[in-house]
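**Student:** Please see the structure below; I have some questions.
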Amino acid sequence: MTDPTTDAGRALKAKHRALWASGDYPAVAADLIPELGPRLVAACGVRAGQRVLDVAAGTGNAAIPAAALGAAVTAGDLTPELFDAGRALAAQRGVAVDWVEADAEALPFDDDEFDVVMSCVGAMFAPNHQATADELVRVARPGATIGMINWTPRGFIGMLFATMKPYAAPPPPGAAPPPLWGNPEHVRELFGDKVSDLQMRPETVTMDRCPSPEEFREYWKSNYGPTIAVYRNITETPEQVTALDRDFLALLREWNRSDTPGRTEYPAEYLLITATKRAAGYSARELSSGRPDTRRAMM
């Protein structure tokens, strides 16, 4: 895995930042997955007065609904270019969110700082999965809830990435495919014994933005950073562009579940994850109450 403190590591981070700043991710989040943020907030049991961190928050799809419940919310993302849209959305909702530039693999926060640490189809795209999982746990206090929504390998978005993979630039050494975060066994391995009460269940969100598969393909090509990056990678080879257009359209036709003319429906499966940060020496009752006896834990 590339060391983020080296020139190569910094270049990789800059590349990731540029990827997500390209296109129009605020539109993608608003058009295709607006219900995912509130779904994650509800699963995490966010309530007023809690300190909440949304990792790889983008435009605040989860951060803003958490703040609307009265939580003190920090939204961290590697791509601060997305924050202007997030601030505008938060202002429309009349809520306050603290927007902080933050790398999911090296979060700029103290140990044991937050009551809830969550990520909605965001942290899964950091290339070093183990470093990301470790950071999610590190900044959560003992007994805190850790929650994620991640696309699954077998779902529509996972298959979209599989379709683009032959045309994409090679990943950095040691990088793990993002949809692996939607594999329960992979998640168990990443969190290990650092968490308890690990709950995972597949759920589905329906994407029905465009009237035809052809228009939906163009939507992805114009708005979604990873798709834009893949097409840029093959821009000098028109035959590959033609091949990807063909493969992309075949995927969209196969996955369209609507038989109504002028309408498409794409069921996109995701894995909903919740867990509790474990701390040696704390009882389950103390952890669930949020008031661990730190004096006994130090004995």
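Simple scheme: letters A, B, ... for chains in structure tokens order, numbers from 1 for residues in each chain, numbers from 1 for ligands in the order shown.
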Can you pull out every residue within 7 Å of Ala268 of chain A, counting only C-alpha atoms, but drop anything in the same chain fewer than 4 positions away, and send it as a PyMOL selection string?

**Tutor:** chain A and resi 155-157+204-206

**Student:** Considering only C-alpha atoms, give me a table of residues in segment 177-259 of chain A that are at most 8 Å from segment 22-38 of chain A, with the closest atom pair and distance in Å for each, as JSON lines.

**Tutor:**
{"residue": "A:Val205", "atom": "CA", "partner": "A:Ile33", "partner_atom": "CA", "distance": 7.2}
{"residue": "A:Thr206", "atom": "CA", "partner": "A:Leu32", "partner_atom": "CA", "distance": 7.9}
{"residue": "A:Met207", "atom": "CA", "partner": "A:Leu32", "partner_atom": "CA", "distance": 5.4}
{"residue": "A:Asp208", "atom": "CA", "partner": "A:Leu32", "partner_atom": "CA", "distance": 7.5}
{"residue": "A:Arg209", "atom": "CA", "partner": "A:Asp31", "partner_atom": "CA", "distance": 6.7}
{"residue": "A:Ser222", "atom": "CA", "partner": "A:Gly23", "partner_atom": "CA", "distance": 5.9}
{"residue": "A:Asn223", "atom": "CA", "partner": "A:Gly23", "partner_atom": "CA", "distance": 4.2}
{"residue": "A:Tyr224", "atom": "CA", "partner": "A:Gly23", "partner_atom": "CA", "distance": 5.6}
{"residue": "A:Gly225", "atom": "CA", "partner": "A:Ser22", "partner_atom": "CA", "distance": 5.3}
{"residue": "A:Ile228", "atom": "CA", "partner": "A:Gly23", "partner_atom": "CA", "distance": 7.1}

**Student:** Can you work out which one of A:Ala106, A:Ala126, A:Ala175, A:Leu136 has the shortest atom-to-atom distance to Trp20 of chain A, counting only C-alpha atoms?

**Tutor:**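 For Trp20 of chain A, the nearest of the candidates is A:Ala126.
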
**Student:** Using only C-alpha atoms, which residues sit within 9 Å of segment 50-53 of chain A once same-chain residues fewer than 6 positions away are excluded, as a list in words?

**Tutor:**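 Those residues are Ala63, Ala66, Ala67, Gly70, Ala71, Ala72, Val73, Thr74, Ala75, Gly76, Glu113, Phe114, Asp115, Val116, Val117, Met118, Ser119, Val139 and Ala140 of chain A.
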
**Student:** Would you save the residues from that selection as a short mmCIF file (atom, residue, chain, number, x, y, z; two decimals), in the first residue's frame, using C-alpha atoms?

**Tutor:**
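Listed below is the output, out_31.cif:
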data_model
loop_
_atom_site.label_atom_id
_atom_site.label_comp_id
_atom_site.auth_asym_id
_atom_site.auth_seq_id
_atom_site.Cartn_x
_atom_site.Cartn_y
_atom_site.Cartn_z
CA ALA A 63 -24.43 14.45 8.26
CA ALA A 66 -28.04 13.74 11.90
CA ALA A 67 -27.69 17.45 12.62
CA GLY A 70 -29.91 17.89 17.31
CA ALA A 71 -26.57 16.07 17.19
CA ALA A 72 -23.27 17.97 17.03
CA VAL A 73 -22.06 16.79 13.65
CA THR A 74 -18.66 16.91 11.98
CA ALA A 75 -18.57 16.08 8.27
CA GLY A 76 -15.12 15.02 7.06
CA GLU A 113 -13.84 11.50 20.41
CA PHE A 114 -17.27 10.65 18.96
CA ASP A 115 -20.48 8.97 20.11
CA VAL A 116 -21.36 7.88 16.56
CA VAL A 117 -18.99 7.34 13.64
CA MET A 118 -20.69 6.66 10.33
CA SER A 119 -20.08 6.61 6.59
CA VAL A 139 -12.04 8.00 16.86
CA ALA A 140 -15.14 6.37 18.38
#

**Student:** Can you list every residue in segment 65-207 of chain A that DSSP puts in strand (DSSP E), as a ChimeraX atom specification?

**Tutor:** /A:72-77,97-101,114-120,140-151,195-207

**Student:** Take the residues just selected and output them with C-alpha atoms as a PDB file, in the first residue's frame.

**Tutor:**
ATOM      1  CA  ALA A  72     -23.270  17.973  17.032  1.00  0.00           C
ATOM      2  CA  VAL A  73     -22.056  16.792  13.647  1.00  0.00           C
ATOM      3  CA  THR A  74     -18.663  16.915  11.982  1.00  0.00           C
ATOM      4  CA  ALA A  75     -18.570  16.081   8.268  1.00  0.00           C
ATOM      5  CA  GLY A  76     -15.121  15.022   7.060  1.00  0.00           C
ATOM      6  CA  ASP A  77     -14.116  14.432   3.466  1.00  0.00           C
ATOM      7  CA  VAL A  97     -22.525  21.094  10.449  1.00  0.00           C
ATOM      8  CA  ASP A  98     -18.766  21.425  10.956  1.00  0.00           C
ATOM      9  CA  TRP A  99     -17.067  20.697   7.604  1.00  0.00           C
ATOM     10  CA  VAL A 100     -13.471  19.425   7.899  1.00  0.00           C
ATOM     11  CA  GLU A 101     -11.049  18.210   5.228  1.00  0.00           C
ATOM     12  CA  PHE A 114     -17.272  10.655  18.956  1.00  0.00           C
ATOM     13  CA  ASP A 115     -20.476   8.968  20.115  1.00  0.00           C
ATOM     14  CA  VAL A 116     -21.359   7.884  16.563  1.00  0.00           C
ATOM     15  CA  VAL A 117     -18.993   7.345  13.641  1.00  0.00           C
ATOM     16  CA  MET A 118     -20.693   6.661  10.332  1.00  0.00           C
ATOM     17  CA  SER A 119     -20.084   6.611   6.594  1.00  0.00           C
ATOM     18  CA  CYS A 120     -22.620   6.436   3.778  1.00  0.00           C
ATOM     19  CA  ALA A 140     -15.144   6.368  18.379  1.00  0.00           C
ATOM     20  CA  ARG A 141     -15.449   6.360  22.166  1.00  0.00           C
ATOM     21  CA  PRO A 142     -15.877   3.039  23.980  1.00  0.00           C
ATOM     22  CA  GLY A 143     -19.495   2.034  23.537  1.00  0.00           C
ATOM     23  CA  ALA A 144     -19.972   4.265  20.496  1.00  0.00           C
ATOM     24  CA  THR A 145     -21.937   3.151  17.472  1.00  0.00           C
ATOM     25  CA  ILE A 146     -20.089   2.649  14.201  1.00  0.00           C
ATOM     26  CA  GLY A 147     -22.342   2.546  11.156  1.00  0.00           C
ATOM     27  CA  MET A 148     -21.791   2.192   7.428  1.00  0.00           C
ATOM     28  CA  ILE A 149     -23.695   1.783   4.196  1.00  0.00           C
ATOM     29  CA  ASN A 150     -21.567   0.139   1.489  1.00  0.00           C
ATOM     30  CA  TRP A 151     -22.379  -1.082  -2.007  1.00  0.00           C
ATOM     31  CA  VAL A 195     -16.172  -4.143  17.931  1.00  0.00           C
ATOM     32  CA  SER A 196     -19.083  -6.077  19.385  1.00  0.00           C
ATOM     33  CA  ASP A 197     -22.701  -6.558  18.307  1.00  0.00           C
ATOM     34  CA  LEU A 198     -21.706  -6.403  14.647  1.00  0.00           C
ATOM     35  CA  GLN A 199     -24.931  -6.395  12.636  1.00  0.00           C
ATOM     36  CA  MET A 200     -25.018  -6.585   8.830  1.00  0.00           C
ATOM     37  CA  ARG A 201     -27.962  -6.883   6.499  1.00  0.00           C
ATOM     38  CA  PRO A 202     -28.421  -6.295   2.778  1.00  0.00           C
ATOM     39  CA  GLU A 203     -30.977  -3.714   1.729  1.00  0.00           C
ATOM     40  CA  THR A 204     -31.872  -2.089  -1.579  1.00  0.00           C
ATOM     41  CA  VAL A 205     -32.387   1.412  -2.899  1.00  0.00           C
ATOM     42  CA  THR A 206     -34.139   1.922  -6.233  1.00  0.00           C
ATOM     43  CA  MET A 207     -32.630   4.299  -8.783  1.00  0.00           C
TER      44      MET A 207
END

**Student:** Can you list, as a tab-separated table (two decimals) with all heavy atoms, in the first residue's frame, every residue of segment 36-138 of chain A that DSSP puts in helix (DSSP H, G or I)?

**Tutor:**
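Written out: result-v5.tsv:
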chain	number	residue	atom	x	y	z
A	36	LEU	N	-30.56	7.25	1.57
A	36	LEU	CA	-29.55	6.44	2.26
A	36	LEU	C	-29.01	7.12	3.52
A	36	LEU	O	-28.78	6.45	4.53
A	36	LEU	CB	-28.40	6.09	1.32
A	36	LEU	CG	-28.70	5.12	0.18
A	36	LEU	CD1	-27.40	4.64	-0.45
A	36	LEU	CD2	-29.54	3.94	0.66
A	37	GLY	N	-28.79	8.41	3.46
A	37	GLY	CA	-28.29	9.11	4.65
A	37	GLY	C	-29.23	8.99	5.83
A	37	GLY	O	-28.83	8.56	6.92
A	38	PRO	N	-30.51	9.36	5.67
A	38	PRO	CA	-31.45	9.18	6.77
A	38	PRO	C	-31.57	7.73	7.23
A	38	PRO	O	-31.77	7.48	8.43
A	38	PRO	CB	-32.77	9.69	6.18
A	38	PRO	CG	-32.36	10.67	5.14
A	38	PRO	CD	-31.09	10.11	4.55
A	39	ARG	N	-31.45	6.77	6.29
A	39	ARG	CA	-31.52	5.35	6.68
A	39	ARG	C	-30.37	5.01	7.62
A	39	ARG	O	-30.57	4.30	8.61
A	39	ARG	CB	-31.46	4.47	5.42
A	39	ARG	CG	-31.48	2.98	5.73
A	39	ARG	CD	-32.84	2.54	6.22
A	39	ARG	NE	-32.85	1.17	6.68
A	39	ARG	CZ	-32.73	0.79	7.96
A	39	ARG	NH1	-32.60	1.71	8.91
A	39	ARG	NH2	-32.77	-0.48	8.30
A	40	LEU	N	-29.17	5.48	7.32
A	40	LEU	CA	-28.02	5.19	8.15
A	40	LEU	C	-28.14	5.89	9.51
A	40	LEU	O	-27.83	5.29	10.55
A	40	LEU	CB	-26.74	5.64	7.45
A	40	LEU	CG	-25.43	5.42	8.21
A	40	LEU	CD1	-25.22	3.94	8.54
A	40	LEU	CD2	-24.25	5.95	7.39
A	41	VAL	N	-28.59	7.11	9.50
A	41	VAL	CA	-28.76	7.86	10.75
A	41	VAL	C	-29.74	7.13	11.67
A	41	VAL	O	-29.51	6.99	12.88
A	41	VAL	CB	-29.23	9.29	10.45
A	41	VAL	CG1	-29.69	10.01	11.73
A	41	VAL	CG2	-28.10	10.09	9.78
A	42	ALA	N	-30.83	6.64	11.11
A	42	ALA	CA	-31.81	5.90	11.91
A	42	ALA	C	-31.22	4.61	12.46
A	42	ALA	O	-31.42	4.25	13.62
A	42	ALA	CB	-33.05	5.61	11.08
A	43	ALA	N	-30.46	3.90	11.62
A	43	ALA	CA	-29.86	2.63	12.06
A	43	ALA	C	-28.85	2.86	13.18
A	43	ALA	O	-28.70	1.99	14.06
A	43	ALA	CB	-29.18	1.94	10.88
A	44	CYS	N	-28.18	3.99	13.16
A	44	CYS	CA	-27.19	4.31	14.20
A	44	CYS	C	-27.83	4.85	15.47
A	44	CYS	O	-27.13	5.04	16.48
A	44	CYS	CB	-26.17	5.32	13.66
A	44	CYS	SG	-25.05	4.67	12.40
A	63	ALA	N	-24.75	13.44	7.25
A	63	ALA	CA	-24.43	14.45	8.26
A	63	ALA	C	-25.59	15.40	8.52
A	63	ALA	O	-25.90	15.74	9.67
A	63	ALA	CB	-23.18	15.23	7.82
A	64	ILE	N	-26.24	15.84	7.46
A	64	ILE	CA	-27.31	16.83	7.61
A	64	ILE	C	-28.52	16.26	8.34
A	64	ILE	O	-29.04	16.89	9.27
A	64	ILE	CB	-27.67	17.43	6.24
A	64	ILE	CG1	-26.49	18.28	5.73
A	64	ILE	CG2	-28.94	18.27	6.31
A	64	ILE	CD1	-26.62	18.75	4.31
A	65	PRO	N	-29.02	15.06	8.00
A	65	PRO	CA	-30.12	14.51	8.79
A	65	PRO	C	-29.74	14.25	10.24
A	65	PRO	O	-30.59	14.35	11.13
A	65	PRO	CB	-30.48	13.21	8.08
A	65	PRO	CG	-29.67	13.12	6.86
A	65	PRO	CD	-28.74	14.28	6.80
A	66	ALA	N	-28.47	13.92	10.51
A	66	ALA	CA	-28.04	13.74	11.90
A	66	ALA	C	-28.10	15.07	12.64
A	66	ALA	O	-28.55	15.14	13.80
A	66	ALA	CB	-26.64	13.15	11.93
A	67	ALA	N	-27.64	16.14	11.99
A	67	ALA	CA	-27.69	17.45	12.62
A	67	ALA	C	-29.12	17.91	12.85
A	67	ALA	O	-29.42	18.59	13.84
A	67	ALA	CB	-26.94	18.46	11.75
A	68	ALA	N	-30.02	17.53	11.95
A	68	ALA	CA	-31.43	17.91	12.10
A	68	ALA	C	-32.06	17.29	13.35
A	68	ALA	O	-33.06	17.80	13.86
A	68	ALA	CB	-32.22	17.50	10.86
A	80	PRO	N	-12.76	18.71	-0.26
A	80	PRO	CA	-13.49	19.87	0.27
A	80	PRO	C	-14.25	20.63	-0.80
A	80	PRO	O	-15.09	21.48	-0.47
A	80	PRO	CB	-12.40	20.72	0.91
A	80	PRO	CG	-11.14	20.33	0.21
A	80	PRO	CD	-11.30	18.87	-0.11
A	81	GLU	N	-13.97	20.34	-2.08
A	81	GLU	CA	-14.75	20.97	-3.14
A	81	GLU	C	-16.24	20.66	-3.03
A	81	GLU	O	-17.08	21.38	-3.59
A	81	GLU	CB	-14.23	20.51	-4.51
A	81	GLU	CG	-12.86	21.05	-4.88
A	81	GLU	CD	-11.71	20.19	-4.36
A	81	GLU	OE1	-11.95	19.35	-3.46
A	81	GLU	OE2	-10.58	20.37	-4.84
A	82	LEU	N	-16.57	19.59	-2.32
A	82	LEU	CA	-17.97	19.22	-2.15
A	82	LEU	C	-18.67	19.99	-1.02
A	82	LEU	O	-19.90	19.94	-0.91
A	82	LEU	CB	-18.08	17.71	-1.86
A	82	LEU	CG	-17.52	16.78	-2.93
A	82	LEU	CD1	-17.57	15.33	-2.44
A	82	LEU	CD2	-18.28	16.92	-4.24
A	83	PHE	N	-17.89	20.71	-0.22
A	83	PHE	CA	-18.46	21.32	0.98
A	83	PHE	C	-19.39	22.49	0.67
A	83	PHE	O	-20.34	22.74	1.43
A	83	PHE	CB	-17.35	21.79	1.92
A	83	PHE	CG	-16.59	20.66	2.58
A	83	PHE	CD1	-15.40	20.93	3.27
A	83	PHE	CD2	-17.03	19.36	2.52
A	83	PHE	CE1	-14.69	19.90	3.88
A	83	PHE	CE2	-16.33	18.32	3.12
A	83	PHE	CZ	-15.15	18.60	3.81
A	84	ASP	N	-19.14	23.23	-0.40
A	84	ASP	CA	-20.01	24.36	-0.70
A	84	ASP	C	-21.45	23.87	-0.91
A	84	ASP	O	-22.41	24.47	-0.40
A	84	ASP	CB	-19.53	25.11	-1.94
A	84	ASP	CG	-18.30	25.96	-1.66
A	84	ASP	OD1	-18.00	26.19	-0.48
A	84	ASP	OD2	-17.64	26.40	-2.62
A	85	ALA	N	-21.59	22.80	-1.67
A	85	ALA	CA	-22.93	22.24	-1.87
A	85	ALA	C	-23.51	21.73	-0.56
A	85	ALA	O	-24.70	21.91	-0.27
A	85	ALA	CB	-22.89	21.11	-2.89
A	86	GLY	N	-22.66	21.11	0.28
A	86	GLY	CA	-23.11	20.64	1.57
A	86	GLY	C	-23.56	21.77	2.48
A	86	GLY	O	-24.59	21.67	3.16
A	87	ARG	N	-22.79	22.84	2.50
A	87	ARG	CA	-23.18	24.00	3.33
A	87	ARG	C	-24.51	24.59	2.87
A	87	ARG	O	-25.34	24.99	3.70
A	87	ARG	CB	-22.08	25.05	3.28
A	87	ARG	CG	-20.79	24.65	3.99
A	87	ARG	CD	-19.81	25.83	4.06
A	87	ARG	NE	-18.58	25.45	4.72
A	87	ARG	CZ	-17.45	25.12	4.10
A	87	ARG	NH1	-17.41	25.14	2.76
A	87	ARG	NH2	-16.37	24.79	4.78
A	88	ALA	N	-24.71	24.65	1.55
A	88	ALA	CA	-25.97	25.18	1.04
A	88	ALA	C	-27.14	24.29	1.45
A	88	ALA	O	-28.21	24.79	1.85
A	88	ALA	CB	-25.90	25.31	-0.48
A	89	LEU	N	-26.96	22.99	1.37
A	89	LEU	CA	-28.02	22.06	1.77
A	89	LEU	C	-28.31	22.17	3.27
A	89	LEU	O	-29.46	22.15	3.70
A	89	LEU	CB	-27.61	20.62	1.42
A	89	LEU	CG	-27.57	20.28	-0.07
A	89	LEU	CD1	-26.91	18.92	-0.28
A	89	LEU	CD2	-28.97	20.29	-0.66
A	90	ALA	N	-27.24	22.30	4.07
A	90	ALA	CA	-27.43	22.44	5.52
A	90	ALA	C	-28.17	23.73	5.84
A	90	ALA	O	-29.04	23.76	6.72
A	90	ALA	CB	-26.08	22.40	6.22
A	91	ALA	N	-27.84	24.80	5.12
A	91	ALA	CA	-28.52	26.07	5.35
A	91	ALA	C	-30.00	25.97	4.99
A	91	ALA	O	-30.86	26.52	5.70
A	91	ALA	CB	-27.85	27.17	4.53
A	92	GLN	N	-30.31	25.26	3.93
A	92	GLN	CA	-31.71	25.06	3.55
A	92	GLN	C	-32.48	24.32	4.63
A	92	GLN	O	-33.66	24.60	4.86
A	92	GLN	CB	-31.80	24.28	2.24
A	92	GLN	CG	-31.34	25.03	1.01
A	92	GLN	CD	-31.30	24.15	-0.23
A	92	GLN	OE1	-31.84	23.04	-0.24
A	92	GLN	NE2	-30.66	24.64	-1.27
A	93	ARG	N	-31.79	23.38	5.30
A	93	ARG	CA	-32.43	22.62	6.38
A	93	ARG	C	-32.38	23.35	7.72
A	93	ARG	O	-33.00	22.91	8.69
A	93	ARG	CB	-31.74	21.25	6.53
A	93	ARG	CG	-31.94	20.31	5.36
A	93	ARG	CD	-33.35	19.72	5.33
A	93	ARG	NE	-33.68	19.02	6.55
A	93	ARG	CZ	-33.39	17.74	6.79
A	93	ARG	NH1	-32.74	17.02	5.87
A	93	ARG	NH2	-33.76	17.18	7.92
A	123	ALA	N	-16.50	6.03	2.89
A	123	ALA	CA	-15.22	5.48	3.35
A	123	ALA	C	-14.85	4.21	2.59
A	123	ALA	O	-13.67	3.86	2.51
A	123	ALA	CB	-15.28	5.19	4.85
A	124	MET	N	-15.82	3.54	2.01
A	124	MET	CA	-15.54	2.31	1.27
A	124	MET	C	-14.61	2.56	0.07
A	124	MET	O	-13.99	1.62	-0.42
A	124	MET	CB	-16.84	1.68	0.78
A	124	MET	CG	-17.62	2.50	-0.22
A	124	MET	SD	-19.11	1.66	-0.87
A	124	MET	CE	-18.37	0.41	-1.91
A	125	PHE	N	-14.49	3.81	-0.38
A	125	PHE	CA	-13.66	4.10	-1.55
A	125	PHE	C	-12.22	4.44	-1.19
A	125	PHE	O	-11.40	4.61	-2.09
A	125	PHE	CB	-14.29	5.23	-2.35
A	125	PHE	CG	-15.55	4.81	-3.05
A	125	PHE	CD1	-16.79	5.10	-2.51
A	125	PHE	CD2	-15.50	4.10	-4.23
A	125	PHE	CE1	-17.96	4.70	-3.14
A	125	PHE	CE2	-16.65	3.69	-4.88
A	125	PHE	CZ	-17.90	3.98	-4.32
A	129	HIS	N	-8.37	-0.56	3.10
A	129	HIS	CA	-9.55	-0.88	3.90
A	129	HIS	C	-9.22	-1.06	5.37
A	129	HIS	O	-9.98	-0.63	6.24
A	129	HIS	CB	-10.22	-2.14	3.36
A	129	HIS	CG	-10.88	-1.94	2.03
A	129	HIS	ND1	-11.72	-2.87	1.47
A	129	HIS	CD2	-10.83	-0.91	1.14
A	129	HIS	CE1	-12.16	-2.43	0.31
A	129	HIS	NE2	-11.63	-1.25	0.08
A	130	GLN	N	-8.11	-1.70	5.67
A	130	GLN	CA	-7.79	-1.94	7.07
A	130	GLN	C	-7.48	-0.64	7.79
A	130	GLN	O	-7.93	-0.42	8.93
A	130	GLN	CB	-6.60	-2.90	7.21
A	130	GLN	CG	-6.39	-3.38	8.64
A	130	GLN	CD	-7.59	-4.13	9.20
A	130	GLN	OE1	-7.94	-5.19	8.71
A	130	GLN	NE2	-8.25	-3.58	10.20
A	131	ALA	N	-6.73	0.25	7.16
A	131	ALA	CA	-6.44	1.55	7.78
A	131	ALA	C	-7.73	2.32	8.02
A	131	ALA	O	-7.91	2.97	9.06
A	131	ALA	CB	-5.48	2.35	6.90
A	132	THR	N	-8.66	2.25	7.08
A	132	THR	CA	-9.93	2.94	7.23
A	132	THR	C	-10.74	2.37	8.38
A	132	THR	O	-11.27	3.12	9.22
A	132	THR	CB	-10.73	2.85	5.92
A	132	THR	OG1	-9.98	3.45	4.86
A	132	THR	CG2	-12.06	3.55	6.04
A	133	ALA	N	-10.85	1.06	8.45
A	133	ALA	CA	-11.59	0.43	9.55
A	133	ALA	C	-10.97	0.79	10.90
A	133	ALA	O	-11.68	1.10	11.86
A	133	ALA	CB	-11.62	-1.08	9.36
A	134	ASP	N	-9.65	0.76	10.97
A	134	ASP	CA	-8.97	1.09	12.22
A	134	ASP	C	-9.25	2.54	12.64
A	134	ASP	O	-9.41	2.83	13.83
A	134	ASP	CB	-7.46	0.88	12.08
A	134	ASP	CG	-7.08	-0.58	11.94
A	134	ASP	OD1	-7.93	-1.45	12.23
A	134	ASP	OD2	-5.93	-0.86	11.54
A	135	GLU	N	-9.31	3.44	11.67
A	135	GLU	CA	-9.58	4.84	11.99
A	135	GLU	C	-11.02	5.05	12.45
A	135	GLU	O	-11.28	5.83	13.37
A	135	GLU	CB	-9.29	5.72	10.77
A	135	GLU	CG	-7.81	5.99	10.55
A	135	GLU	CD	-7.22	6.81	11.68
A	135	GLU	OE1	-7.30	8.05	11.63
A	135	GLU	OE2	-6.67	6.20	12.63
A	136	LEU	N	-11.96	4.37	11.82
A	136	LEU	CA	-13.35	4.47	12.26
A	136	LEU	C	-13.48	4.06	13.72
A	136	LEU	O	-14.22	4.69	14.50
A	136	LEU	CB	-14.25	3.59	11.39
A	136	LEU	CG	-14.36	3.95	9.90
A	136	LEU	CD1	-15.23	2.92	9.19
A	136	LEU	CD2	-14.91	5.34	9.70
A	137	VAL	N	-12.77	3.01	14.09
A	137	VAL	CA	-12.82	2.54	15.48
A	137	VAL	C	-12.06	3.48	16.41
A	137	VAL	O	-12.53	3.81	17.51
A	137	VAL	CB	-12.26	1.12	15.58
A	137	VAL	CG1	-12.16	0.68	17.03
A	137	VAL	CG2	-13.11	0.13	14.78
A	138	ARG	N	-10.91	3.93	15.99
A	138	ARG	CA	-10.05	4.76	16.86
A	138	ARG	C	-10.75	6.01	17.36
A	138	ARG	O	-10.66	6.36	18.54
A	138	ARG	CB	-8.77	5.14	16.11
A	138	ARG	CG	-7.81	6.02	16.94
A	138	ARG	CD	-6.63	6.50	16.15
A	138	ARG	NE	-6.99	7.41	15.06
A	138	ARG	CZ	-7.25	8.71	15.23
A	138	ARG	NH1	-7.22	9.26	16.44
A	138	ARG	NH2	-7.56	9.47	14.19

**Student:** Rounded to one decimal place, report the atom CA of Ala176 of chain A-atom CA of Ala104 of chain A distance in Å.

**Tutor:**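 Between atom CA of Ala176 of chain A and atom CA of Ala104 of chain A the gap works out to 14.4 Å.
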
**Student:** Measure the distance from atom CA of Asp245 of chain A to atom CA of Thr79 of chain A in Å and round it to one decimal.

**Tutor:**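 If I compute the distance from atom CA of Asp245 of chain A to atom CA of Thr79 of chain A, I get 28.1 Å.
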
**Student:** Env of Thr260 of chain A: 12 Å cut, atoms = only C-alpha atoms, seq-sep filter 4 positions within chain, self excluded. Answer as a count of residues only.

**Tutor:** 6

**Student:** So that I can see what lies close to Lys13 of chain A, please list as a list of chain:residue names the residues with an atom at most 12 Å from it, counting only C-alpha atoms and leaving out residues fewer than 2 positions away in the same chain.

**Tutor:** A:Thr2, A:Asp3, A:Pro4, A:Thr5, A:Thr6, A:Asp7, A:Ala8, A:Gly9, A:Arg10, A:Ala11, A:Lys15, A:His16, A:Arg17, A:Ala18, A:Leu19, A:Trp20, A:Asp77, A:Leu78, A:Thr79, A:Ala102, A:Asp103, A:Ala104, A:Glu105, A:Ala106, A:Phe125, A:Ala126, A:Pro127, A:Asn128, A:Pro172

**Student:** Quick check, in Å to one decimal: how far apart do atom CA of Thr59 of chain A and atom CA of Phe109 of chain A lie?

**Tutor:**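 Answer for the atom CA of Thr59 of chain A to atom CA of Phe109 of chain A separation: 19.7 Å.
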
**Student:** Using only C-alpha atoms, find the one residue out of A:Pro226, A:Gly58, A:Thr152, A:Arg278 that sits nearest to His186 of chain A.

**Tutor:** A:Thr152

**Student:** Quick one: residues within 9 Å of Leu244 of chain A, only C-alpha atoms counted, chain neighbours fewer than 3 positions away excluded, as a PyMOL selection string?

**Tutor:** chain A and resi 163-164+166-167+231+239-241+247-249

**Student:** Find, counting only C-alpha atoms, the residue in A:Lys165, A:Arg246, A:Arg232, A:Arg188 that gets nearest to Arg217 of chain A.

**Tutor:**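 Result for the nearest residue to Arg217 of chain A: A:Arg246.
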